[in-house]
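> Coordinates in start_39.cif, mmCIF, C-alpha atoms, are listed below.
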data_structure
loop_
_atom_site.label_atom_id
_atom_site.label_comp_id
_atom_site.auth_asym_id
_atom_site.auth_seq_id
_atom_site.Cartn_x
_atom_site.Cartn_y
_atom_site.Cartn_z
CA MET A 23 72.58 139.05 92.66
CA LEU A 24 73.86 138.93 89.07
CA ALA A 25 77.37 139.84 90.21
CA SER A 26 77.39 137.06 92.74
CA ILE A 27 76.13 134.59 90.14
CA ILE A 28 78.91 135.60 87.76
CA GLU A 29 81.41 135.39 90.59
CA ASP A 30 80.28 131.90 91.42
CA VAL A 31 80.38 130.81 87.80
CA ILE A 32 83.96 132.03 87.65
CA GLY A 33 84.48 130.24 90.94
CA GLY A 34 83.68 127.03 89.10
CA VAL A 35 80.46 125.79 90.62
CA CYS A 36 77.15 127.51 89.98
CA MET A 37 75.29 128.09 93.20
CA TYR A 38 72.54 130.66 93.27
CA ASP A 39 71.41 130.22 96.85
CA ALA A 40 72.72 132.58 99.52
CA ARG A 41 73.01 129.65 101.89
CA GLU A 42 75.05 127.68 99.41
CA LYS A 43 77.28 130.65 98.73
CA MET A 44 78.07 131.03 102.42
CA LEU A 45 78.56 127.27 102.73
CA LYS A 46 81.01 127.36 99.85
CA GLU A 47 83.01 130.14 101.53
CA LEU A 48 83.02 128.07 104.71
CA MET A 49 84.20 125.04 102.73
CA ALA A 50 87.02 127.14 101.28
CA LEU A 51 88.21 128.45 104.65
CA GLU A 52 88.04 125.05 106.33
CA PHE A 53 89.84 123.53 103.38
CA MET A 54 92.62 126.06 103.79
CA GLU A 55 92.74 125.15 107.48
CA ILE A 56 93.14 121.46 106.65
CA GLU A 57 95.84 122.14 104.06
CA LEU A 58 97.84 124.22 106.51
CA ASN A 59 97.25 121.56 109.18
CA LEU A 60 98.85 118.94 106.95
CA TYR A 61 101.69 121.30 106.05
CA LEU A 62 102.39 122.11 109.69
CA ASN A 63 102.39 118.41 110.59
CA THR A 64 105.58 118.00 108.57
CA HIS A 65 106.94 121.51 109.13
CA PRO A 66 106.18 122.02 112.81
CA TYR A 67 108.65 124.88 113.25
CA ASP A 68 107.40 127.03 110.38
CA GLN A 69 106.21 130.15 112.13
CA GLN A 70 104.84 131.92 109.09
CA ALA A 71 102.60 129.00 108.22
CA PHE A 72 101.43 128.87 111.81
CA MET A 73 100.45 132.56 111.75
CA ILE A 74 98.49 132.05 108.55
CA PHE A 75 96.86 128.97 110.06
CA ARG A 76 95.71 130.87 113.14
CA ASN A 77 94.39 133.69 111.00
CA THR A 78 92.45 131.26 108.79
CA ALA A 79 91.15 129.31 111.76
CA GLU A 80 89.75 132.46 113.32
CA GLN A 81 88.08 133.55 110.09
CA ALA A 82 86.63 130.07 109.65
CA LYS A 83 85.31 130.06 113.19
CA MET A 84 83.61 133.42 112.68
CA LEU A 85 82.07 132.29 109.42
CA ARG A 86 80.96 128.98 110.93
CA ASP A 87 79.27 130.74 113.85
CA ASN A 88 77.59 133.07 111.38
CA TYR A 89 76.40 130.21 109.20
CA GLU A 90 75.17 128.20 112.16
CA ARG A 91 73.23 131.13 113.50
CA MET A 92 71.50 131.61 110.16
CA TYR A 93 71.05 128.14 108.74
CA GLY A 94 71.44 125.54 111.44
CA PRO A 95 74.19 123.50 113.05
CA ILE A 96 77.26 122.20 111.24
CA THR A 97 78.25 119.99 114.14
CA ALA A 98 75.77 118.29 116.42
CA SER A 99 77.16 120.02 119.51
CA ALA A 100 76.34 123.40 117.98
CA SER A 101 72.63 122.64 117.99
CA ASN A 102 71.05 125.64 119.57
CA SER A 103 67.30 125.56 119.08
CA PHE A 104 64.27 123.43 119.68
CA PRO A 105 63.03 121.04 118.26
CA TRP A 106 66.32 119.25 117.69
CA PRO A 107 67.72 120.92 114.55
CA TRP A 108 70.51 118.47 113.76
CA ILE A 109 68.21 116.06 111.94
CA GLU A 110 67.02 118.68 109.47
CA SER A 111 67.65 118.50 105.75
CA PRO A 112 69.53 119.11 103.63
CA TRP A 113 72.17 116.56 104.44
CA PRO A 114 75.39 117.05 102.50
CA TRP A 115 74.75 114.35 99.90
CA GLU A 116 71.33 115.68 99.02
CA ALA A 117 72.04 119.22 97.94
CA MET B 19 87.71 110.39 118.18
CA TRP B 20 85.85 111.89 115.29
CA VAL B 21 83.47 114.81 114.99
CA TYR B 22 81.25 115.07 111.94
CA GLU B 23 80.62 118.32 110.12
CA LYS B 24 77.44 118.46 108.16
CA LYS B 25 79.01 119.57 104.92
CA LEU B 26 81.06 118.03 102.15
CA GLN B 27 84.69 119.01 101.77
CA TYR B 28 83.95 119.94 98.14
CA PRO B 29 80.49 120.73 96.71
CA VAL B 30 78.89 118.06 94.53
CA LYS B 31 75.83 118.98 92.49
CA ILE B 32 75.22 116.61 89.64
CA LYS B 33 72.32 117.43 87.37
CA ASN B 34 72.41 114.54 84.88
CA CYS B 35 72.08 110.94 85.99
CA ASN B 36 74.53 108.42 84.56
CA PRO B 37 74.28 104.96 86.12
CA ARG B 38 76.97 103.46 83.91
CA LEU B 39 79.46 106.03 85.15
CA ALA B 40 78.31 105.40 88.72
CA LYS B 41 79.25 101.75 88.30
CA TYR B 42 82.82 102.81 87.56
CA ILE B 43 83.10 105.62 90.06
CA ILE B 44 82.08 103.35 92.92
CA THR B 45 85.50 101.75 92.65
CA GLN B 46 86.84 104.76 94.48
CA TYR B 47 84.39 104.01 97.28
CA GLY B 48 85.05 100.32 97.92
CA GLY B 49 87.81 99.38 95.53
CA PRO B 50 91.46 98.55 96.16
CA ASP B 51 92.69 102.11 95.61
CA GLY B 52 89.60 103.80 96.94
CA GLU B 53 89.02 106.15 99.81
CA LEU B 54 87.78 103.48 102.21
CA ALA B 55 90.96 101.47 101.71
CA ALA B 56 93.03 104.63 102.08
CA SER B 57 91.41 105.80 105.29
CA LEU B 58 91.48 102.35 106.94
CA ARG B 59 95.08 101.90 105.90
CA TYR B 60 96.27 105.22 107.31
CA LEU B 61 94.19 105.07 110.47
CA SER B 62 95.43 101.56 111.17
CA GLN B 63 99.07 102.32 110.48
CA ARG B 64 99.27 105.31 112.77
CA TYR B 65 99.38 103.22 115.97
CA SER B 66 102.81 101.79 115.36
CA MET B 67 104.61 104.85 114.04
CA PRO B 68 107.73 105.86 115.91
CA CYS B 69 107.58 109.61 115.70
CA GLU B 70 104.96 112.26 116.25
CA VAL B 71 105.15 113.71 112.77
CA ALA B 72 104.23 110.37 111.23
CA LYS B 73 101.41 109.79 113.69
CA ALA B 74 99.94 113.23 113.04
CA THR B 75 100.28 112.93 109.28
CA LEU B 76 98.63 109.51 109.13
CA ASN B 77 95.92 110.60 111.52
CA ASP B 78 94.97 113.74 109.64
CA ILE B 79 95.24 112.33 106.16
CA GLY B 80 93.24 109.28 107.24
CA THR B 81 90.54 111.58 108.54
CA GLU B 82 90.53 113.54 105.31
CA GLU B 83 90.12 110.33 103.34
CA LEU B 84 86.93 109.63 105.27
CA ALA B 85 85.68 112.99 104.01
CA HIS B 86 86.62 111.98 100.47
CA LEU B 87 84.74 108.72 100.97
CA GLU B 88 81.68 110.83 101.60
CA ILE B 89 82.27 112.82 98.43
CA VAL B 90 82.56 109.68 96.29
CA GLY B 91 79.44 108.22 97.90
CA THR B 92 77.60 111.44 97.14
CA ILE B 93 78.70 111.36 93.50
CA VAL B 94 77.43 107.79 93.08
CA TYR B 95 74.20 108.59 94.93
CA GLN B 96 73.46 111.62 92.78
CA LEU B 97 74.33 109.78 89.58
CA THR B 98 71.78 107.04 90.26
CA LYS B 99 69.13 109.05 92.05
CA GLY B 100 65.68 108.58 90.57
CA VAL B 101 66.83 106.29 87.77
CA PRO B 102 64.23 103.56 87.13
CA ALA B 103 65.27 99.97 87.82
CA LYS B 104 64.96 98.90 84.19
CA ILE B 105 67.48 101.53 83.09
CA LEU B 106 69.84 100.59 85.91
CA GLU B 107 69.69 97.03 84.70
CA LYS B 108 70.29 98.05 81.12
CA GLU B 109 73.33 100.11 82.10
CA GLY B 110 74.99 97.23 83.88
CA LEU B 111 73.95 97.83 87.49
CA GLY B 112 71.45 94.97 87.55
CA GLY B 113 73.40 92.76 89.94
CA TYR B 114 74.19 95.66 92.23
CA PHE B 115 70.57 96.84 92.19
CA ALA B 116 69.27 93.38 93.07
CA ASP B 117 71.38 93.29 96.21
CA HIS B 118 71.55 96.92 97.23
CA ASP B 119 68.79 98.83 95.43
CA ARG B 120 69.99 102.42 95.40
CA GLY B 121 72.15 102.04 98.47
CA ILE B 122 75.87 102.70 98.37
CA TYR B 123 77.78 99.49 99.06
CA PRO B 124 81.57 99.32 99.03
CA VAL B 125 82.44 97.39 95.90
CA ASN B 126 84.89 97.94 93.11
CA GLY B 127 84.03 98.66 89.48
CA ASP B 128 83.21 95.00 88.84
CA GLY B 129 81.09 94.47 91.92
CA VAL B 130 83.76 92.73 93.99
CA PRO B 131 83.12 93.71 97.61
CA PHE B 132 85.66 95.48 99.74
CA THR B 133 88.18 93.39 101.63
CA ALA B 134 90.91 94.17 104.12
CA ALA B 135 93.32 92.42 101.76
CA TYR B 136 93.44 95.76 99.92
CA ILE B 137 95.31 97.38 102.77
CA GLY B 138 98.68 96.58 104.29
CA VAL B 139 99.75 97.37 107.82
CA LYS B 140 103.25 96.06 108.26
CA GLY B 141 104.11 97.75 111.55
CA ASP B 142 107.41 98.80 110.05
CA PRO B 143 107.30 102.57 109.58
CA ILE B 144 109.31 102.71 106.35
CA ALA B 145 107.30 99.89 104.76
CA ASP B 146 104.04 101.50 105.84
CA LEU B 147 104.91 104.97 104.61
CA THR B 148 106.24 103.64 101.32
CA GLU B 149 103.00 101.74 100.86
CA ASP B 150 101.10 104.95 101.51
CA LEU B 151 103.10 106.71 98.81
CA ALA B 152 102.19 103.95 96.37
CA ALA B 153 98.55 104.08 97.46
CA GLU B 154 98.32 107.79 96.74
CA GLN B 155 99.75 107.31 93.27
CA LYS B 156 97.34 104.47 92.56
CA ALA B 157 94.42 106.59 93.68
CA ARG B 158 95.60 109.49 91.52
CA ALA B 159 95.90 107.21 88.50
CA THR B 160 92.41 105.83 89.12
CA TYR B 161 90.96 109.32 89.29
CA GLU B 162 92.67 110.18 86.02
CA GLY B 163 91.10 107.14 84.43
CA LEU B 164 87.69 108.13 85.74
CA ILE B 165 88.12 111.70 84.49
CA ASN B 166 88.95 110.30 81.07
CA MET B 167 85.70 108.34 81.04
CA THR B 168 83.28 111.23 81.25
CA ASP B 169 82.55 114.63 79.77
CA ASP B 170 80.10 115.82 82.38
CA PRO B 171 81.67 118.88 84.05
CA ASP B 172 79.63 118.36 87.23
CA VAL B 173 81.31 114.99 87.69
CA ILE B 174 84.77 116.00 86.49
CA ASP B 175 84.90 118.86 88.98
CA PRO B 176 84.94 116.80 92.23
CA LEU B 177 87.04 114.08 90.59
CA ARG B 178 89.61 116.68 89.65
CA PHE B 179 89.61 117.99 93.22
CA LEU B 180 90.08 114.50 94.63
CA ARG B 181 92.92 113.79 92.20
CA GLU B 182 94.74 116.92 93.30
CA ARG B 183 94.33 115.93 96.94
CA GLU B 184 96.12 112.66 96.17
CA VAL B 185 99.05 114.60 94.69
CA VAL B 186 99.28 116.72 97.84
CA HIS B 187 98.99 113.69 100.12
CA PHE B 188 101.87 112.09 98.27
CA GLN B 189 104.00 115.11 99.08
CA ARG B 190 103.00 114.96 102.75
CA PHE B 191 103.74 111.26 103.08
CA GLY B 192 107.06 111.83 101.32
CA GLU B 193 108.00 114.46 103.88
CA ALA B 194 106.89 112.23 106.73
CA LEU B 195 109.03 109.42 105.30
CA ARG B 196 112.03 111.78 105.20
CA ILE B 197 111.53 112.68 108.84
CA VAL B 198 111.07 109.06 109.94
CA GLN B 199 114.15 107.98 108.00
CA GLU B 200 116.11 110.83 109.53
CA LYS B 201 115.04 109.75 112.98
CA LEU B 202 115.70 106.05 112.42
CA ASN B 203 119.08 106.73 110.83
CA GLU B 204 120.23 108.24 114.10
CA ARG B 205 120.52 104.69 115.39
CA PRO B 206 123.55 103.27 113.69
CA PHE B 207 122.87 99.57 113.84
CA TYR B 208 119.35 98.62 112.85
CA VAL B 209 116.19 100.06 111.34
CA LYS B 210 113.89 98.35 113.82
CA LYS B 211 114.84 97.64 117.39
CA PRO B 212 114.87 93.82 117.80
CA GLU B 213 112.38 92.31 120.21
CA TYR B 214 115.01 91.15 122.64
CA ALA B 215 116.33 94.65 123.05
CA GLU B 216 112.97 96.01 124.11
CA ILE B 217 112.44 95.65 127.80
CA SER B 218 109.02 96.69 128.95
CA PRO B 219 107.05 95.51 131.97
CA ALA B 220 104.48 92.88 131.05
CA SER B 221 101.04 94.18 131.84
CA ASN B 222 99.37 90.82 132.37
CA VAL B 223 101.89 89.57 134.90
CA SER B 224 101.17 89.97 138.57
CA PRO B 225 103.44 92.38 140.42
CA ALA B 226 105.02 89.51 142.33
CA GLU B 227 106.21 87.95 139.08
CA LYS B 228 107.36 91.10 137.35
CA THR B 229 111.01 90.46 136.82
CA ASN B 230 113.10 91.43 133.90
CA PRO B 231 114.57 88.25 132.37
CA TYR B 232 117.33 90.18 130.67
CA SER B 233 118.49 92.20 133.57
CA ASN B 234 121.86 91.73 135.24
CA VAL B 235 120.21 91.80 138.62
CA SER B 236 119.00 88.45 139.93
CA PRO B 237 115.24 87.89 140.11
CA ALA B 238 115.32 87.67 143.85
CA GLN B 239 116.79 91.13 144.03
CA GLN B 240 114.33 92.46 141.43
CA LYS B 241 111.29 91.37 143.40
CA LYS B 242 111.15 94.34 145.69
CA MET C 18 117.93 128.55 112.54
CA LEU C 19 117.20 125.30 114.34
CA GLY C 20 114.18 126.79 115.98
CA ASN C 21 112.71 127.73 112.64
CA ASN C 22 112.72 124.51 110.64
CA ILE C 23 113.06 120.82 111.15
CA MET C 24 115.79 120.27 108.52
CA PRO C 25 118.05 123.28 108.90
CA GLU C 26 120.62 122.41 106.25
CA ALA C 27 117.86 122.12 103.65
CA TYR C 28 116.58 125.61 104.28
CA GLU C 29 119.61 127.79 103.64
CA ASN C 30 117.78 130.28 101.42
CA ILE C 31 114.15 130.33 102.40
CA PRO C 32 112.06 132.46 100.05
CA LYS C 33 109.78 134.63 102.11
CA ALA C 34 106.11 133.68 102.16
CA LYS C 35 104.45 136.61 100.53
CA ALA C 36 100.76 135.85 100.78
CA GLU C 37 98.89 136.64 103.94
CA THR C 38 95.16 136.46 104.24
CA LYS C 39 93.89 139.58 105.87
CA ALA C 40 91.34 139.56 108.65
CA GLY C 41 87.67 139.65 107.74
CA ALA C 42 85.57 137.29 105.69
CA ALA C 43 85.16 139.75 102.81
CA ASP C 44 88.89 139.63 102.20
CA ILE C 45 89.04 135.99 101.33
CA TYR C 46 88.80 136.96 97.69
CA GLU C 47 92.03 138.97 97.84
CA VAL C 48 95.62 137.91 98.13
CA SER C 49 98.76 139.96 98.41
CA CYS C 50 101.01 137.77 96.30
CA ASN C 51 102.59 139.24 93.18
CA GLY C 52 101.83 136.26 91.00
CA PHE C 53 101.90 132.52 91.26
CA ASP C 54 104.25 131.69 88.40
CA MET C 55 107.38 132.15 90.49
CA CYS C 56 105.90 130.01 93.24
CA LYS C 57 105.01 127.27 90.77
CA LEU C 58 108.66 127.06 89.69
CA GLN C 59 109.50 125.47 93.03
CA TYR C 60 107.98 122.30 91.59
CA TYR C 61 110.92 122.05 89.20
CA ASN C 62 113.54 123.33 91.61
CA PRO C 63 112.87 122.21 95.17
CA GLN C 64 115.20 122.17 98.15
CA PRO C 65 118.16 119.88 97.40
CA ILE C 66 118.35 116.58 99.24
CA ILE C 67 121.46 116.46 101.40
CA GLY C 68 122.75 113.31 103.00
CA ALA C 69 120.93 110.84 100.76
CA ARG C 70 121.65 107.16 101.19
CA LEU C 71 121.29 104.14 98.99
CA ALA C 72 118.18 101.98 99.39
CA HIS C 73 116.16 104.89 100.71
CA ALA C 74 113.43 106.89 98.98
CA TYR C 75 113.42 110.68 99.18
CA VAL C 76 110.80 113.31 98.41
CA PRO C 77 112.07 116.90 98.55
CA PHE C 78 110.69 119.11 101.27
CA GLN C 79 108.22 121.76 100.29
CA CYS C 80 108.95 125.37 101.14
CA LEU C 81 106.15 127.79 101.91
CA ASN C 82 105.81 130.46 99.23
CA CYS C 83 102.58 132.16 98.22
CA LEU C 84 99.20 130.71 98.95
CA TYR C 85 96.13 130.74 96.76
CA PRO C 86 93.14 132.63 98.15
CA PRO C 87 90.73 130.17 99.81
CA LEU C 88 88.11 129.94 97.04
CA LEU C 89 90.71 129.47 94.33
CA GLY C 90 92.48 126.95 96.53
CA LEU C 91 89.27 124.96 96.99
CA LYS C 92 88.63 124.97 93.25
CA GLN C 93 92.17 123.88 92.38
CA GLY C 94 92.37 121.30 95.16
CA THR C 95 95.33 122.83 96.99
CA ILE C 96 96.36 126.22 98.36
CA PHE C 97 100.00 125.74 97.34
CA PRO C 98 100.77 126.82 93.76
CA GLU C 99 103.85 124.59 93.61
CA LEU C 100 101.72 121.52 94.30
CA ASP C 101 98.99 122.53 91.86
CA ARG C 102 99.44 119.99 89.07
CA PRO C 103 96.19 119.84 87.09
CA TYR C 104 95.50 116.81 84.94
CA GLY C 105 96.37 117.24 81.32
CA ALA C 106 98.11 120.60 81.66
CA ASP C 107 101.41 119.19 80.41
CA PRO C 108 100.84 117.10 77.28
CA ALA C 109 104.34 115.63 77.39
CA TYR C 110 103.40 113.68 80.51
CA SER C 111 100.08 111.96 80.67
CA TYR C 112 100.48 111.07 84.33
CA ASP C 113 101.54 114.45 85.69
CA GLY C 114 99.84 117.68 84.73
#
Please express the file's structure as C-alpha cells.

Amino acid sequence: MLASIIEDVIGGVCMYDAREKMLKELMALEFMEIELNLYLNTHPYDQQAFMIFRNTAEQAKMLRDNYERMYGPITASASNSFPWPWIESPWPWEA
Amino acid sequence: MWVYEKKLQYPVKIKNCNPRLAKYIITQYGGPDGELAASLRYLSQRYSMPCEVAKATLNDIGTEELAHLEIVGTIVYQLTKGVPAKILEKEGLGGYFADHDRGIYPVNGDGVPFTAAYIGVKGDPIADLTEDLAAEQKARATYEGLINMTDDPDVIDPLRFLREREVVHFQRFGEALRIVQEKLNERPFYVKKPEYAEISPASNVSPAEKTNPYSNVSPAQQKK
Amino acid sequence: MLGNNIMPEAYENIPKAKAETKAGAADIYEVSCNGFDMCKLQYYNPQPIIGARLAHAYVPFQCLNCLYPPLLGLKQGTIFPELDRPYGADPAYSYDG
C-alpha cells in the first residue's frame, strides 16, 4: 500500500483508492490510444505506430473490461447488472 | 455520433476552493479561446474539408476538445463547490451566482456569454486550418496566463496538461495543413474549384428536369 | 518507400522507433527506450521542408521516435518526447517551454 502511494505521488496525482489507481491506469492507456490515433490520422502509412496503437488498444480494452467488471460501467452499453448501474455515482466531476 | 465514457481524460481533484480563480478559469469553458469554441469550430469545419486526413483530424481533435470542456467544467465546479453565497459575491462571482447559482454556464472571464461569433467556418480548407492553428496558440497562451495566476498544484496540474494538448494539436493541424496544401497544389490553376466548374445533379429537381446546363449535349438529348 | 509514409521525400533517414509497450497491464510502467534526450532533439531538428512555396504556411512533419510510458505520457500531456514542451522550462522564451 505504501509503495503504491509513493508510486502515485511520483506519478503526480495522489490517489489512495484502488479504484482510482486502476482508473488512472485506464486513463493513461486510453490517452496513449488517442495520441496515437491523432498521429496516425496524419501519418496513415506509419506501420510501426500502427503496431503500437493496436498493442495499446488491446491493453486498454483488457483493462477497461477488468475495471468495468469490478467497479461498474464506463460506457452505458457496458451496463451489465441490475438495477441499472449507469446512473451510479461517482460521476467524473465529483471525484 | 458520440459515445460518452464515464471518466475524465485527466484526473481533477481539487481540495481547496477558490471562487476568484474559478471566475477566470471559466473563460476556457465559454470564452473565445475556450474548449467549447474549439470543439464547435473543429466539428463544424470538418464537413467541407477536401481530404480524408483533414476530416479525420478535425473530427478527432474536435471530439477531444469536448473532453477538455468537461475537464474545465470540473475544475470550475470543484473550485466553487460548497462555497457560501456571501463569499462568492465577495470574490466577484455575485452576478454569475445570481443567474446561475453554482451551475456551469459558458461565459468568459468577464461574464460575457458564449457566442458563435467566436468561431469561424469559412468553408475554405486552408483558411479553416490556418484558423485552427491560431486557435490552438490562443488557447495555449490563455492556459499559460491561467497557470501564472495560481499557485495551487491541484489546479496547475490539469491546466498544464491542457496546455500541452494545445501544443500537440497545433502540430497535428500543421501536418493536416501540409497534406491539404499538397493535395490542392496538384491542381495547377486554382485553390478552390469555382462554382461553375462543379457539375453535380441537383437533388431538389425532378428527374424530368435534371439536365446539365453546362453540358455540350442538348437538353432534349439529356432527358433520357 | 511510398507504401511506408505519406511524404516520401521528407523521410529519407527515418530514425527507428525504439519504444514498444510490451503486452500485459503490469508492463505499462516500463519502456524499452534508451533515453528521451535524443528524441527531444527532434524538436530542434525536424524533417526539412522540401518544395515550399511563397504565401503558404508550413509545419514540419513529426517523425516517430521513442514514446513515453503511458502514465508518464498522461502526466506530461503527450506521449511524444519531441512534442513535450513544458511551460517555463526554457527561460529565454516565455511562450514556449
> To one decimal place in Å, what is the distance between CA of Thr75 in chain B and CA of Pro98 in chain C?
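These two atoms are separated by 20.8 Å.
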> Given the file shown, enumerate the residues that the PyMOL selection byres ((chain B) within 7 of (chain C)) captures and present them as a short mmCIF file (atom, residue, chain, number, x, y, z; two decimals) with C-alpha atoms, in the frame of the given file.

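Listing of out-v2.cif after writing:
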data_model
loop_
_atom_site.label_atom_id
_atom_site.label_comp_id
_atom_site.auth_asym_id
_atom_site.auth_seq_id
_atom_site.Cartn_x
_atom_site.Cartn_y
_atom_site.Cartn_z
CA PHE B 179 89.61 117.99 93.22
CA GLU B 182 94.74 116.92 93.30
CA ARG B 183 94.33 115.93 96.94
CA VAL B 186 99.28 116.72 97.84
CA GLY B 192 107.06 111.83 101.32
CA GLU B 193 108.00 114.46 103.88
CA ARG B 196 112.03 111.78 105.20
#
> Return as JSON lines the residues of chain A lying at most 9 Å from chain C, together with the closest atom-to-atom pair for each and the distance in Å to one decimal, counting all atoms listed in the file, with rows in chain order and ascending residue number.

{"residue": "A:Gly33", "atom": "CA", "partner": "C:Lys92", "partner_atom": "CA", "distance": 7.1}
{"residue": "A:Gly34", "atom": "CA", "partner": "C:Lys92", "partner_atom": "CA", "distance": 6.8}
{"residue": "A:Val35", "atom": "CA", "partner": "C:Lys92", "partner_atom": "CA", "distance": 8.6}
{"residue": "A:Lys46", "atom": "CA", "partner": "C:Leu88", "partner_atom": "CA", "distance": 8.1}
{"residue": "A:Glu47", "atom": "CA", "partner": "C:Leu88", "partner_atom": "CA", "distance": 6.8}
{"residue": "A:Met49", "atom": "CA", "partner": "C:Leu91", "partner_atom": "CA", "distance": 7.7}
{"residue": "A:Ala50", "atom": "CA", "partner": "C:Pro87", "partner_atom": "CA", "distance": 5.0}
{"residue": "A:Leu51", "atom": "CA", "partner": "C:Pro87", "partner_atom": "CA", "distance": 5.7}
{"residue": "A:Glu52", "atom": "CA", "partner": "C:Pro87", "partner_atom": "CA", "distance": 8.7}
{"residue": "A:Phe53", "atom": "CA", "partner": "C:Leu91", "partner_atom": "CA", "distance": 6.6}
{"residue": "A:Met54", "atom": "CA", "partner": "C:Pro87", "partner_atom": "CA", "distance": 6.0}
{"residue": "A:Glu57", "atom": "CA", "partner": "C:Ile96", "partner_atom": "CA", "distance": 7.0}
{"residue": "A:Leu58", "atom": "CA", "partner": "C:Ile96", "partner_atom": "CA", "distance": 8.5}
{"residue": "A:Tyr61", "atom": "CA", "partner": "C:Gln79", "partner_atom": "CA", "distance": 8.7}
{"residue": "A:Thr64", "atom": "CA", "partner": "C:Ile23", "partner_atom": "CA", "distance": 8.4}
{"residue": "A:His65", "atom": "CA", "partner": "C:Ile23", "partner_atom": "CA", "distance": 6.5}
{"residue": "A:Pro66", "atom": "CA", "partner": "C:Ile23", "partner_atom": "CA", "distance": 7.2}
{"residue": "A:Tyr67", "atom": "CA", "partner": "C:Asn22", "partner_atom": "CA", "distance": 4.8}
{"residue": "A:Asp68", "atom": "CA", "partner": "C:Asn21", "partner_atom": "CA", "distance": 5.8}
{"residue": "A:Gln69", "atom": "CA", "partner": "C:Asn21", "partner_atom": "CA", "distance": 7.0}
{"residue": "A:Gln70", "atom": "CA", "partner": "C:Ala34", "partner_atom": "CA", "distance": 7.3}
{"residue": "A:Ala71", "atom": "CA", "partner": "C:Leu81", "partner_atom": "CA", "distance": 7.3}
{"residue": "A:Met73", "atom": "CA", "partner": "C:Glu37", "partner_atom": "CA", "distance": 8.9}
{"residue": "A:Ile74", "atom": "CA", "partner": "C:Glu37", "partner_atom": "CA", "distance": 6.5}
{"residue": "A:Asn77", "atom": "CA", "partner": "C:Ala40", "partner_atom": "CA", "distance": 7.0}
{"residue": "A:Thr78", "atom": "CA", "partner": "C:Thr38", "partner_atom": "CA", "distance": 7.4}
{"residue": "A:Glu80", "atom": "CA", "partner": "C:Ala40", "partner_atom": "CA", "distance": 8.6}
{"residue": "A:Gln81", "atom": "CA", "partner": "C:Ala42", "partner_atom": "CA", "distance": 6.3}
{"residue": "A:Ala82", "atom": "CA", "partner": "C:Ala42", "partner_atom": "CA", "distance": 8.3}
{"residue": "A:Met84", "atom": "CA", "partner": "C:Ala42", "partner_atom": "CA", "distance": 8.2}
{"residue": "A:Leu85", "atom": "CA", "partner": "C:Ala42", "partner_atom": "CA", "distance": 7.2}
> Which chain A residues are at most 7 Å from chain B (counting all atoms listed in the file), as an MDAnalysis selection string?
chainID A and resid 49 60 63:64 96:97 113:115 117
> Enter the distance from CA of Thr133 in chain B to CA of Thr168 in chain B, in Å, rounded to one decimal.
27.5 Å
> Just the residues within 12 Å of Gly94 in chain A, please, counting all atoms listed in the file, with nothing from its chain fewer than 5 positions along; format it as a list in words.
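Counting only the stated atoms, we get Arg41, Leu45, Arg86, Asp87, Asn88, Tyr89, Ser99, Ala100, Ser101, Asn102, Ser103, Phe104, Pro105, Trp106, Pro107, Trp108, Ile109, Glu110, Ser111, Pro112 and Trp113 of chain A; Glu23, Lys24 and Lys25 of chain B.
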> Quick one: residues within 12 Å of Lys156 in chain B, all atoms listed in the file counted, chain neighbours fewer than 2 positions away excluded, as number ranges by chain?
B: 46, 49-53, 55-56, 149-154, 158-163, 181, 184-185, 188; C: 112
> Between CA of Ser57 in chain B and CA of Asp146 in chain B, what is the distance in Å, rounded to a tenth?
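Calculated distance between CA of Ser57 in chain B and CA of Asp146 in chain B is 13.4 Å.
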> Write out as an mmCIF file with C-alpha atoms, in the coordinates of the input each polymer residue whose atoms come within 10 Å of Tyr123 in chain B, counting only C-alpha atoms; drop sequence neighbours fewer than 5 positions from it.

data_model
loop_
_atom_site.group_PDB
_atom_site.id
_atom_site.type_symbol
_atom_site.label_atom_id
_atom_site.label_comp_id
_atom_site.auth_asym_id
_atom_site.auth_seq_id
_atom_site.Cartn_x
_atom_site.Cartn_y
_atom_site.Cartn_z
ATOM 1 C CA ILE B 44 82.080 103.350 92.920
ATOM 2 C CA TYR B 47 84.390 104.010 97.280
ATOM 3 C CA GLY B 48 85.050 100.320 97.920
ATOM 4 C CA GLY B 91 79.440 108.220 97.900
ATOM 5 C CA TYR B 114 74.190 95.660 92.230
ATOM 6 C CA ASP B 117 71.380 93.290 96.210
ATOM 7 C CA HIS B 118 71.550 96.920 97.230
ATOM 8 C CA GLY B 129 81.090 94.470 91.920
ATOM 9 C CA PRO B 131 83.120 93.710 97.610
ATOM 10 C CA PHE B 132 85.660 95.480 99.740
#
> Any idea what's packed within 7 Å of Val139 in chain B, counting only C-alpha atoms, ignoring anything in its chain fewer than 6 positions away? Could you give it as a list in words?
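Listing them by chain and then by number gives Arg59, Ser62, Gln63 and Asp146 of chain B.
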> Leaving out Arg38 in chain B and any residue of its chain fewer than 6 positions from it, which residues lie within 12 Å of it when counting all atoms listed in the file, given as a list in words?
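Here the answer would be Ile44, Val94, Leu97, Thr98, Val101, Ile105, Leu106, Glu107, Lys108, Glu109, Gly110, Leu111, Gly112, Tyr114, Gly127, Asp128, Leu164, Met167 and Thr168 of chain B.
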